[in-house]
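**Student:** Sending over a structure as structure tokens; questions will come in a sec.
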Amino acid sequence: MRASTHRQRVAALGRDGYRRYDESTATRLGRMSEHLLADYGGDLRRLRAAGHAEPAALSRLVRAFPGIGPAGAQIFLREVQGIWSLPPVFDAKVLEGARRAGLPAEPEALAGLVAPADRARFAAALVRRALRR
């Protein structure tokens, strides 16, 4: 990201089907990479260390990135929970999917159904279940 120009980011987004938001997204991606470099030396592992692998603290740090709100922070943490060895990160959308699938709707009970390394995939599947009409 650091080496790319705004125009290159716009072109890449357009090639991948993000035409509607390409200009604003390209700008935001540039700002996000600047933030990552300035605050964490370009290394997301430093963000994890700064948040002490605690989801609430990490959520605050992730929301400090331009364009990332509570939902974006939850999605990020949900996706990295296995890699970063976080406690279970199952947000409201995951719990809704669990209820619809007839599974327990409590994070600890859900976490006990899969290995820690599989929690992100499990959570993603439950989100898809929640979104299915």
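Labeling convention for the structure tokens: chains A, B, ... as they appear, residues from 1 per chain, ligands from 1 in order of appearance.
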Contacts of Ala26 in chain A at 12 Å or less, counting only C-alpha atoms, minus same-chain residues fewer than 2 places along, as a PyMOL selection string?
**Tutor:** chain A and resi 1-2+4-14+18-24+28-33+66-67
**Student:** I need the chosen residues saved as a CSV table (one decimal), in the first residue's frame, with C-alpha atoms.
**Tutor:**
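Result went into result-v9.csv, see below:
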```
chain,number,residue,atom,x,y,z
A,1,MET,CA,0.0,0.0,0.0
A,2,ARG,CA,2.8,2.4,0.9
A,4,SER,CA,1.2,2.4,-4.5
A,5,THR,CA,-0.2,5.6,-5.8
A,6,HIS,CA,-3.8,6.7,-5.4
A,7,ARG,CA,-4.4,6.1,-9.1
A,8,GLN,CA,-3.0,2.5,-8.8
A,9,ARG,CA,-5.3,1.8,-5.9
A,10,VAL,CA,-8.3,3.1,-7.8
A,11,ALA,CA,-7.3,0.9,-10.8
A,12,ALA,CA,-6.9,-2.2,-8.6
A,13,LEU,CA,-10.3,-1.6,-6.9
A,14,GLY,CA,-11.9,-1.1,-10.3
A,18,TYR,CA,-15.3,-2.0,-6.5
A,19,ARG,CA,-16.1,0.8,-9.0
A,20,ARG,CA,-18.8,2.4,-6.9
A,21,TYR,CA,-16.4,3.3,-4.0
A,22,ASP,CA,-13.1,3.3,-5.7
A,23,GLU,CA,-12.0,6.9,-5.2
A,24,SER,CA,-13.0,7.2,-1.5
A,28,ARG,CA,-9.0,5.6,2.8
A,29,LEU,CA,-6.7,2.7,2.1
A,30,GLY,CA,-3.8,5.2,1.7
A,31,ARG,CA,-4.7,6.8,5.0
A,32,MET,CA,-5.0,3.5,6.7
A,33,SER,CA,-1.6,2.4,5.6
A,66,PRO,CA,-9.7,6.0,9.1
A,67,GLY,CA,-13.0,4.6,7.9
```
**Student:** Could you write out, as a PyMOL selection string, all the residues of range 10-125 of chain A that DSSP marks as helix (DSSP H, G or I)?
**Tutor:** chain A and resi 10-15+22-40+44-50+55-63+70-80+92-100+107-111+116-125
**Student:** For Ala125 in chain A, list every protein, DNA or RNA residue within 10 Å, evaluated using only C-alpha atoms, and leave out those in the same chain fewer than 5 positions away; present the list as a ChimeraX atom specification.
**Tutor:** /A:94,97-98,119-120,130-131
**Student:** Counting only C-alpha atoms, what is within 12 Å of Ala117 in chain A, bar same-chain residues fewer than 5 positions away, as a PyMOL selection string?
**Tutor:** chain A and resi 78-88+111-112+122-123
**Student:** Measuring between only C-alpha atoms, which one of A:Ala115, A:Ala73, A:Ala105, A:Ala3 shows the shortest distance to Pro55 in chain A?
**Tutor:** A:Ala73
**Student:** List the spatial neighbours of Ala71 in chain A as a PyMOL selection string - criterion: any atom at most 12 Å away, only C-alpha atoms, same-chain residues fewer than 6 positions off excluded.
**Tutor:** chain A and resi 59-60+62-63+77-78+91-93
**Student:** Can you spit out the residues from that selection as a compact mmCIF listing (two decimals), in the first residue's frame, using C-alpha atoms?
**Tutor:**
```
# COMPACT_ATOMS: atom_id res chain seq x y z
CA SER A 59 -11.51 -2.91 18.93
CA ARG A 60 -10.68 0.62 20.13
CA VAL A 62 -8.76 -0.82 15.14
CA ARG A 63 -11.48 1.85 15.17
CA LEU A 77 -11.38 -9.21 15.13
CA ARG A 78 -13.70 -12.03 14.13
CA ASP A 91 -20.65 -10.65 17.72
CA ALA A 92 -24.41 -10.18 17.48
CA LYS A 93 -24.54 -11.34 13.84
```
**Student:** CA of Leu36 in chain A and CA of Ala56 in chain A, how far apart in Å?
**Tutor:**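 Between CA of Ala56 in chain A and CA of Leu36 in chain A the gap is 18.9 Å.
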**Student:** Can you tell me how far CA of Leu61 in chain A sits from CA of Leu47 in chain A, in Å to one decimal?
**Tutor:**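 Interatomic distance here is 7.3 Å.
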**Student:** I'd like to know which of A:Arg46, A:Phe90, A:Gly102, A:Arg129 is closest to Phe76 in chain A, using only C-alpha atoms.
**Tutor:**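 Using only C-alpha atoms, Phe76 in chain A sits closest to A:Phe90.
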**Student:** One number please: CA of Arg99 in chain A to CA of Val114 in chain A, in Å, one decimal.
**Tutor:**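 Pair CA of Arg99 in chain A / CA of Val114 in chain A returns 16.4 Å.
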**Student:** Looking at A:Arg128, A:Arg15, A:His35, A:Arg45, which one is nearest to Leu58 in chain A, with distances taken over only C-alpha atoms?
**Tutor:**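 The answer is A:Arg45, which sits nearest to Leu58 in chain A.
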**Student:** Find, counting only C-alpha atoms, the residue in A:Arg133, A:Phe65, A:Pro116, A:Pro107 that gets nearest to Leu37 in chain A.
**Tutor:** A:Phe65
